[in-house]
Amino acid sequence: MSFSDFRGNDETVHRLRDMLARNRFPHAVILSGAQGSGKYTLALMLAQALNCLAPLETDGLPDFCGQCANCRRIGLAADLDARFAEAVETREGLRDADKKETRLFVQTHPDVLVIPPDPPQMMIKVDQVRRVIETIYYRPAEGKERVYIFTDSAFMKEAANSLLKVLEEPPEFATIFLLTENAGELLPTIRSRAMVFALAALPVEEIERDLAQQHAEWKPQQRALVARLSEGGIGRARGFDLEAYVAARAHALTILGTGLRGGDHGELFKVTESYRPGAEGRAKTEQLVRTCYSLLRDLMFLESNAAEMVRNSDIQAELKKLAESADFEWIAAASDRLAEVERGMRRNLLRSLSLDAFGLALEKA
């Protein structure tokens, strides 16, 4: 791996590498961009470049070797989902008293600490920031630079205020990365003490070309669908679960179709009954809700005579049939009802009943 493996945003990557070359790299960097735009991948690459034991030079700019001990150990954190799941599992194995006091971190190198949002609230908590404060002023143990990567901008208030104190007086041998979909979610005082770099969405055609290499087993129509649904995020496209999405979309079409056409509710109840309690059921319901929003957005595009913007391009004919019975008022009402389903999930309401109510309410909308 090297910077040449990073796809898109060449100008932003060039600027960051140029600052490395001039030894003017900032102590705090905000990387903003949509989900899957490569924020975490780029932050980890920069952590490797900052700590590489055998640094290279490509295109006249600093690069990392990817082979030295530091590069390899930092690279072990690349699969964030897997490392996060391991951290959660480790905490679940602790005694209840210890579990409450333990916060989640991902650390595959002693000088590089990844700080993900802590479940169940999925926010950065003050104890996580305190861990940063406790270690950031010690010189690196095996690397050249201490690196801290906050993978989300959802900070609890006290955590954000604590981080601000570190940003005011950072040590010269430490770098903090803050990853966010929207830099505006961070406190203005935090933004003022960091350099902001935005990662732009990649063109659909570029993502399709990448998917042709990453998922050669997919048909061109499938690659086109995923490229549109990923909204410019190449990482999101590469990890897209196409099978799960298509299954959720079939259910979403049944629910929305029942609302538009009315009549027999047997198929609706057959679908909603499959959404059970538990973590697996919650993930399945969240996927369904996201898919419903995607279809409603496409119906809105069709109502606006903007068929070229439809993302579910492989079922455009079916969507056009649904659009014949829909109008802007129905789409808006359906979106509001879908938001109620989301609120019900946060209150742990029975999912199958919430989805039944959603589907039936659409007939009156």
# chains A, B, ... in the order shown; residues from 1 in each chain; ligands from 1
call {"tool": "residues_around", "arguments": {"residues": "A:Asp210", "least_positions_apart": "5", "cutoff": "9 Å", "atoms": "only C-alpha atoms", "output": "PyMOL selection string"}}
result
chain A and resi 7+205+215+234+238
call {"tool": "write_last_selection", "arguments": {"atoms": "C-alpha atoms", "output": "PDB file, in the first residue's frame"}}
result
ATOM      1  CA  ARG A   7      -8.621   6.777  -5.125  1.00  0.00           C
ATOM      2  CA  GLU A 205     -18.099   6.455 -13.717  1.00  0.00           C
ATOM      3  CA  HIS A 215     -16.187  -6.996  -7.827  1.00  0.00           C
ATOM      4  CA  ILE A 234     -15.617   4.561  -3.001  1.00  0.00           C
ATOM      5  CA  ARG A 238     -16.416  -1.504  -2.190  1.00  0.00           C
TER       6      ARG A 238
END
call {"tool": "residues_around", "arguments": {"residues": "A:Met45", "least_positions_apart": "3", "cutoff": "12 Å", "atoms": "only C-alpha atoms", "output": "number ranges by chain"}}
result
A: 1-6, 13, 16-17, 38-42, 48-52, 62-66, 70-78, 112, 147, 149, 177
call {"tool": "select_by_dssp", "arguments": {"residues": "stretch 172-252 of chain A", "states": "strand (DSSP E or B)", "output": "ChimeraX atom specification"}}
result
/A:174-180,195-198
call {"tool": "select_by_dssp", "arguments": {"residues": "stretch 54-202 of chain A", "states": "alpha helix (DSSP H)", "output": "NGL selection string"}}
result
:A and (69-75 or 80-92 or 96-101 or 126-136 or 157-168 or 188-191)
call {"tool": "atom_distance", "arguments": {"atom1": "atom CA of A:Gln316", "atom2": "atom CA of A:Leu229"}}
result
13.8 Å
call {"tool": "residues_around", "arguments": {"residues": "A:Tyr137", "least_positions_apart": "2", "cutoff": "7 Å", "atoms": "only C-alpha atoms", "output": "mmCIF file with C-alpha atoms, in the first residue's frame"}}
result
data_model
loop_
_atom_site.group_PDB
_atom_site.id
_atom_site.type_symbol
_atom_site.label_atom_id
_atom_site.label_comp_id
_atom_site.auth_asym_id
_atom_site.auth_seq_id
_atom_site.Cartn_x
_atom_site.Cartn_y
_atom_site.Cartn_z
ATOM 1 C CA THR A 135 -0.888 9.713 26.865
ATOM 2 C CA ARG A 139 7.055 10.955 23.662
ATOM 3 C CA PRO A 171 2.815 18.633 21.968
#
call {"tool": "atom_distance", "arguments": {"atom1": "atom CA of A:Ala87", "atom2": "atom CA of A:Pro120"}}
result
13.4 Å
call {"tool": "closest_atom_pairs", "arguments": {"of": "stretch 268-340 of chain A", "to": "stretch 251-263 of chain A", "cutoff": "9 Å", "atoms": "only C-alpha atoms", "output": "Markdown table"}}
result
| residue | atom | partner | partner_atom | distance |
| --- | --- | --- | --- | --- |
| A:Leu268 | CA | A:Ile255 | CA | 5.9 |
| A:Val271 | CA | A:His251 | CA | 6.3 |
| A:Thr272 | CA | A:His251 | CA | 8.3 |
| A:Leu288 | CA | A:Ala252 | CA | 6.4 |
| A:Val289 | CA | A:Ala252 | CA | 8.1 |
| A:Thr291 | CA | A:Ala252 | CA | 6.7 |
| A:Cys292 | CA | A:Ala252 | CA | 5.5 |
| A:Leu295 | CA | A:Ala252 | CA | 7.9 |
| A:Leu296 | CA | A:Leu256 | CA | 8.8 |
| A:Leu319 | CA | A:Leu253 | CA | 8.8 |
| A:Leu322 | CA | A:Gly257 | CA | 6.9 |
| A:Ser325 | CA | A:Leu260 | CA | 6.2 |
| A:Ala326 | CA | A:Leu260 | CA | 6.8 |
| A:Trp330 | CA | A:Leu260 | CA | 8.8 |
| A:Ala334 | CA | A:Leu256 | CA | 8.6 |
call {"tool": "write_last_selection", "arguments": {"atoms": "C-alpha atoms", "output": "CSV table (one decimal), in the first residue's frame"}}
result
chain,number,residue,atom,x,y,z
A,268,LEU,CA,-47.5,-6.7,3.7
A,271,VAL,CA,-43.0,-9.1,5.1
A,272,THR,CA,-43.3,-7.1,8.4
A,288,LEU,CA,-35.2,-1.4,5.4
A,289,VAL,CA,-35.7,2.2,6.6
A,291,THR,CA,-33.9,1.6,1.5
A,292,CYS,CA,-37.4,3.1,1.8
A,295,LEU,CA,-37.0,4.6,-3.1
A,296,LEU,CA,-39.0,7.6,-1.9
A,319,LEU,CA,-40.6,2.8,-10.0
A,322,LEU,CA,-45.5,3.4,-8.6
A,325,SER,CA,-50.1,6.5,-8.2
A,326,ALA,CA,-47.9,8.8,-6.1
A,330,TRP,CA,-48.0,11.3,-0.6
A,334,ALA,CA,-44.6,8.7,3.6
call {"tool": "closest_residue", "arguments": {"among": "A:Gly233, A:Glu342, A:Ser313, A:Glu243", "to": "A:Pro220", "atoms": "only C-alpha atoms"}}
result
A:Ser313
call {"tool": "residues_around", "arguments": {"residues": "A:Leu186", "least_positions_apart": "4", "cutoff": "9 Å", "atoms": "only C-alpha atoms", "output": "MDAnalysis selection string"}}
result
chainID A and resid 153:155 160 180 182 190:191
call {"tool": "write_last_selection", "arguments": {"atoms": "N, CA and C atoms", "output": "PDB file, in the first residue's frame"}}
result
ATOM      1  N   SER A 153     -17.630  12.581  14.630  1.00  0.00           N
ATOM      2  CA  SER A 153     -17.713  13.927  15.214  1.00  0.00           C
ATOM      3  C   SER A 153     -18.792  14.037  16.279  1.00  0.00           C
ATOM      4  N   ALA A 154     -19.409  12.896  16.632  1.00  0.00           N
ATOM      5  CA  ALA A 154     -20.474  12.914  17.647  1.00  0.00           C
ATOM      6  C   ALA A 154     -19.836  12.878  19.035  1.00  0.00           C
ATOM      7  N   PHE A 155     -19.451  14.055  19.534  1.00  0.00           N
ATOM      8  CA  PHE A 155     -18.820  14.176  20.846  1.00  0.00           C
ATOM      9  C   PHE A 155     -19.863  14.546  21.895  1.00  0.00           C
ATOM     10  N   ALA A 160     -16.036  17.036  24.167  1.00  0.00           N
ATOM     11  CA  ALA A 160     -15.602  18.073  23.222  1.00  0.00           C
ATOM     12  C   ALA A 160     -14.818  19.164  23.934  1.00  0.00           C
ATOM     13  N   THR A 180     -15.190  13.404  10.034  1.00  0.00           N
ATOM     14  CA  THR A 180     -16.594  13.809  10.120  1.00  0.00           C
ATOM     15  C   THR A 180     -17.221  13.884   8.743  1.00  0.00           C
ATOM     16  N   ASN A 182     -19.603  16.035   8.262  1.00  0.00           N
ATOM     17  CA  ASN A 182     -19.887  17.473   8.161  1.00  0.00           C
ATOM     18  C   ASN A 182     -19.071  18.202   9.218  1.00  0.00           C
ATOM     19  N   ILE A 190     -13.185  24.136  18.092  1.00  0.00           N
ATOM     20  CA  ILE A 190     -12.360  23.006  17.652  1.00  0.00           C
ATOM     21  C   ILE A 190     -11.925  23.216  16.207  1.00  0.00           C
ATOM     22  N   ARG A 191     -12.864  23.641  15.364  1.00  0.00           N
ATOM     23  CA  ARG A 191     -12.540  23.870  13.950  1.00  0.00           C
ATOM     24  C   ARG A 191     -11.473  24.946  13.792  1.00  0.00           C
TER      25      ARG A 191
END
call {"tool": "closest_residue", "arguments": {"among": "A:Glu101, A:Asp314, A:Glu57, A:Glu185", "to": "A:Asp118", "atoms": "only C-alpha atoms"}}
result
A:Glu101
call {"tool": "closest_residue", "arguments": {"among": "A:Ala28, A:Ala247, A:Ala237, A:Leu20", "to": "A:Ala174", "atoms": "only C-alpha atoms"}}
result
A:Ala28
call {"tool": "atom_distance", "arguments": {"atom1": "atom CA of A:Asn312", "atom2": "atom CA of A:Val226"}}
result
8.8 Å
call {"tool": "closest_residue", "arguments": {"among": "A:Leu199, A:Leu179, A:Ala283, A:Leu61", "to": "A:Thr12", "atoms": "only C-alpha atoms"}}
result
A:Leu199
call {"tool": "decode", "arguments": {"residues": "stretch 106-240 of chain A", "atoms": "C-alpha atoms", "output": "PDB file, in the first residue's frame"}}
result
ATOM      1  CA  VAL A 106      -8.570   0.356  18.597  1.00  0.00           C
ATOM      2  CA  GLN A 107      -4.803   0.147  18.961  1.00  0.00           C
ATOM      3  CA  THR A 108      -2.510  -2.022  16.860  1.00  0.00           C
ATOM      4  CA  HIS A 109       0.572   0.180  17.386  1.00  0.00           C
ATOM      5  CA  PRO A 110       1.606   1.721  20.741  1.00  0.00           C
ATOM      6  CA  ASP A 111       1.765   5.235  19.288  1.00  0.00           C
ATOM      7  CA  VAL A 112      -1.395   5.198  17.143  1.00  0.00           C
ATOM      8  CA  LEU A 113      -4.748   5.231  18.915  1.00  0.00           C
ATOM      9  CA  VAL A 114      -8.079   5.036  17.089  1.00  0.00           C
ATOM     10  CA  ILE A 115     -11.061   6.383  19.020  1.00  0.00           C
ATOM     11  CA  PRO A 116     -14.446   5.196  17.700  1.00  0.00           C
ATOM     12  CA  PRO A 117     -17.840   6.301  19.078  1.00  0.00           C
ATOM     13  CA  ASP A 118     -18.672   4.261  22.182  1.00  0.00           C
ATOM     14  CA  PRO A 119     -21.878   2.163  22.161  1.00  0.00           C
ATOM     15  CA  PRO A 120     -24.724   2.096  22.922  1.00  0.00           C
ATOM     16  CA  GLN A 121     -25.024   5.889  22.517  1.00  0.00           C
ATOM     17  CA  MET A 122     -22.425   5.784  19.721  1.00  0.00           C
ATOM     18  CA  MET A 123     -20.762   8.996  20.857  1.00  0.00           C
ATOM     19  CA  ILE A 124     -17.207   9.975  21.779  1.00  0.00           C
ATOM     20  CA  LYS A 125     -17.199  10.045  25.586  1.00  0.00           C
ATOM     21  CA  VAL A 126     -15.155  12.060  28.026  1.00  0.00           C
ATOM     22  CA  ASP A 127     -13.272   9.002  29.318  1.00  0.00           C
ATOM     23  CA  GLN A 128     -12.014   8.360  25.793  1.00  0.00           C
ATOM     24  CA  VAL A 129     -10.700  11.912  25.515  1.00  0.00           C
ATOM     25  CA  ARG A 130      -9.138  11.590  28.970  1.00  0.00           C
ATOM     26  CA  ARG A 131      -7.167   8.590  27.677  1.00  0.00           C
ATOM     27  CA  VAL A 132      -5.822  10.841  24.927  1.00  0.00           C
ATOM     28  CA  ILE A 133      -4.891  13.531  27.457  1.00  0.00           C
ATOM     29  CA  GLU A 134      -3.134  10.959  29.668  1.00  0.00           C
ATOM     30  CA  THR A 135      -0.888   9.713  26.865  1.00  0.00           C
ATOM     31  CA  ILE A 136      -0.435  12.531  24.361  1.00  0.00           C
ATOM     32  CA  TYR A 137       2.304  14.365  26.274  1.00  0.00           C
ATOM     33  CA  TYR A 138       4.559  11.277  26.477  1.00  0.00           C
ATOM     34  CA  ARG A 139       7.055  10.955  23.662  1.00  0.00           C
ATOM     35  CA  PRO A 140       6.405   8.150  21.142  1.00  0.00           C
ATOM     36  CA  ALA A 141       7.532   4.714  22.278  1.00  0.00           C
ATOM     37  CA  GLU A 142       8.350   3.110  18.919  1.00  0.00           C
ATOM     38  CA  GLY A 143       7.330   5.631  16.282  1.00  0.00           C
ATOM     39  CA  LYS A 144       8.228   9.202  15.414  1.00  0.00           C
ATOM     40  CA  GLU A 145       4.812  10.712  16.096  1.00  0.00           C
ATOM     41  CA  ARG A 146       1.873   9.985  18.358  1.00  0.00           C
ATOM     42  CA  VAL A 147      -1.286   9.824  16.253  1.00  0.00           C
ATOM     43  CA  TYR A 148      -4.891   9.931  17.465  1.00  0.00           C
ATOM     44  CA  ILE A 149      -7.789   9.294  15.082  1.00  0.00           C
ATOM     45  CA  PHE A 150     -11.310  10.194  16.188  1.00  0.00           C
ATOM     46  CA  THR A 151     -13.520   8.356  13.700  1.00  0.00           C
ATOM     47  CA  ASP A 152     -16.680  10.363  14.357  1.00  0.00           C
ATOM     48  CA  SER A 153     -17.713  13.927  15.214  1.00  0.00           C
ATOM     49  CA  ALA A 154     -20.474  12.914  17.647  1.00  0.00           C
ATOM     50  CA  PHE A 155     -18.820  14.176  20.846  1.00  0.00           C
ATOM     51  CA  MET A 156     -20.550  14.404  24.185  1.00  0.00           C
ATOM     52  CA  LYS A 157     -20.346  18.003  25.428  1.00  0.00           C
ATOM     53  CA  GLU A 158     -17.825  17.337  28.188  1.00  0.00           C
ATOM     54  CA  ALA A 159     -15.684  15.265  25.790  1.00  0.00           C
ATOM     55  CA  ALA A 160     -15.602  18.073  23.222  1.00  0.00           C
ATOM     56  CA  ASN A 161     -14.588  20.601  25.864  1.00  0.00           C
ATOM     57  CA  SER A 162     -11.829  18.303  27.123  1.00  0.00           C
ATOM     58  CA  LEU A 163     -10.490  17.816  23.597  1.00  0.00           C
ATOM     59  CA  LEU A 164     -10.422  21.575  23.130  1.00  0.00           C
ATOM     60  CA  LYS A 165      -7.914  21.880  25.981  1.00  0.00           C
ATOM     61  CA  VAL A 166      -5.552  19.476  24.196  1.00  0.00           C
ATOM     62  CA  LEU A 167      -5.889  21.319  20.895  1.00  0.00           C
ATOM     63  CA  GLU A 168      -4.955  24.597  22.582  1.00  0.00           C
ATOM     64  CA  GLU A 169      -1.529  23.283  23.636  1.00  0.00           C
ATOM     65  CA  PRO A 170      -0.653  20.174  21.597  1.00  0.00           C
ATOM     66  CA  PRO A 171       2.815  18.633  21.968  1.00  0.00           C
ATOM     67  CA  GLU A 172       5.083  18.951  18.940  1.00  0.00           C
ATOM     68  CA  PHE A 173       5.266  15.165  18.478  1.00  0.00           C
ATOM     69  CA  ALA A 174       1.513  14.440  18.284  1.00  0.00           C
ATOM     70  CA  THR A 175      -1.103  14.679  15.546  1.00  0.00           C
ATOM     71  CA  ILE A 176      -4.874  14.454  15.996  1.00  0.00           C
ATOM     72  CA  PHE A 177      -7.238  13.517  13.162  1.00  0.00           C
ATOM     73  CA  LEU A 178     -10.942  14.294  13.438  1.00  0.00           C
ATOM     74  CA  LEU A 179     -13.124  12.503  10.890  1.00  0.00           C
ATOM     75  CA  THR A 180     -16.594  13.809  10.120  1.00  0.00           C
ATOM     76  CA  GLU A 181     -19.222  13.812   7.413  1.00  0.00           C
ATOM     77  CA  ASN A 182     -19.887  17.473   8.161  1.00  0.00           C
ATOM     78  CA  ALA A 183     -17.231  19.692   9.743  1.00  0.00           C
ATOM     79  CA  GLY A 184     -20.030  21.985  10.962  1.00  0.00           C
ATOM     80  CA  GLU A 185     -20.968  19.334  13.530  1.00  0.00           C
ATOM     81  CA  LEU A 186     -17.786  20.106  15.450  1.00  0.00           C
ATOM     82  CA  LEU A 187     -17.539  23.043  17.839  1.00  0.00           C
ATOM     83  CA  PRO A 188     -16.360  26.266  16.134  1.00  0.00           C
ATOM     84  CA  THR A 189     -13.585  26.465  18.710  1.00  0.00           C
ATOM     85  CA  ILE A 190     -12.360  23.006  17.652  1.00  0.00           C
ATOM     86  CA  ARG A 191     -12.540  23.870  13.950  1.00  0.00           C
ATOM     87  CA  SER A 192     -10.549  27.057  14.548  1.00  0.00           C
ATOM     88  CA  ARG A 193      -7.686  25.028  16.006  1.00  0.00           C
ATOM     89  CA  ALA A 194      -7.453  22.519  13.165  1.00  0.00           C
ATOM     90  CA  MET A 195      -6.955  22.506   9.407  1.00  0.00           C
ATOM     91  CA  VAL A 196     -10.001  21.299   7.485  1.00  0.00           C
ATOM     92  CA  PHE A 197      -9.691  19.161   4.360  1.00  0.00           C
ATOM     93  CA  ALA A 198     -12.821  18.106   2.492  1.00  0.00           C
ATOM     94  CA  LEU A 199     -12.916  14.876   0.491  1.00  0.00           C
ATOM     95  CA  ALA A 200     -15.228  15.310  -2.477  1.00  0.00           C
ATOM     96  CA  ALA A 201     -17.510  12.618  -3.861  1.00  0.00           C
ATOM     97  CA  LEU A 202     -16.102  10.616  -6.772  1.00  0.00           C
ATOM     98  CA  PRO A 203     -17.893  10.531 -10.142  1.00  0.00           C
ATOM     99  CA  VAL A 204     -20.171   7.543 -10.714  1.00  0.00           C
ATOM    100  CA  GLU A 205     -18.099   6.455 -13.717  1.00  0.00           C
ATOM    101  CA  GLU A 206     -14.894   6.305 -11.659  1.00  0.00           C
ATOM    102  CA  ILE A 207     -16.563   4.193  -8.988  1.00  0.00           C
ATOM    103  CA  GLU A 208     -17.920   1.838 -11.661  1.00  0.00           C
ATOM    104  CA  ARG A 209     -14.407   1.363 -13.046  1.00  0.00           C
ATOM    105  CA  ASP A 210     -13.087   0.586  -9.571  1.00  0.00           C
ATOM    106  CA  LEU A 211     -15.913  -1.885  -8.929  1.00  0.00           C
ATOM    107  CA  ALA A 212     -15.074  -3.677 -12.164  1.00  0.00           C
ATOM    108  CA  GLN A 213     -11.757  -4.579 -10.501  1.00  0.00           C
ATOM    109  CA  GLN A 214     -13.006  -5.063  -6.942  1.00  0.00           C
ATOM    110  CA  HIS A 215     -16.187  -6.996  -7.827  1.00  0.00           C
ATOM    111  CA  ALA A 216     -15.603  -8.656 -11.164  1.00  0.00           C
ATOM    112  CA  GLU A 217     -18.420 -11.106 -10.318  1.00  0.00           C
ATOM    113  CA  TRP A 218     -21.004  -8.305 -10.491  1.00  0.00           C
ATOM    114  CA  LYS A 219     -22.817  -7.585 -13.730  1.00  0.00           C
ATOM    115  CA  PRO A 220     -22.428  -4.095 -15.285  1.00  0.00           C
ATOM    116  CA  GLN A 221     -26.004  -3.274 -14.226  1.00  0.00           C
ATOM    117  CA  GLN A 222     -25.191  -4.187 -10.617  1.00  0.00           C
ATOM    118  CA  ARG A 223     -22.012  -2.109 -10.641  1.00  0.00           C
ATOM    119  CA  ALA A 224     -23.977   0.858 -12.008  1.00  0.00           C
ATOM    120  CA  LEU A 225     -26.557   0.457  -9.232  1.00  0.00           C
ATOM    121  CA  VAL A 226     -23.966   0.303  -6.434  1.00  0.00           C
ATOM    122  CA  ALA A 227     -22.022   3.232  -7.900  1.00  0.00           C
ATOM    123  CA  ARG A 228     -25.161   5.378  -7.763  1.00  0.00           C
ATOM    124  CA  LEU A 229     -26.215   4.228  -4.300  1.00  0.00           C
ATOM    125  CA  SER A 230     -22.753   4.825  -2.803  1.00  0.00           C
ATOM    126  CA  GLU A 231     -23.161   8.594  -3.392  1.00  0.00           C
ATOM    127  CA  GLY A 232     -19.555   9.124  -4.415  1.00  0.00           C
ATOM    128  CA  GLY A 233     -18.027   7.107  -1.561  1.00  0.00           C
ATOM    129  CA  ILE A 234     -15.617   4.561  -3.001  1.00  0.00           C
ATOM    130  CA  GLY A 235     -15.147   2.795   0.335  1.00  0.00           C
ATOM    131  CA  ARG A 236     -18.900   2.545   0.719  1.00  0.00           C
ATOM    132  CA  ALA A 237     -19.147   1.086  -2.794  1.00  0.00           C
ATOM    133  CA  ARG A 238     -16.416  -1.504  -2.190  1.00  0.00           C
ATOM    134  CA  GLY A 239     -18.058  -2.747   0.999  1.00  0.00           C
ATOM    135  CA  PHE A 240     -21.617  -2.552  -0.296  1.00  0.00           C
TER     136      PHE A 240
END
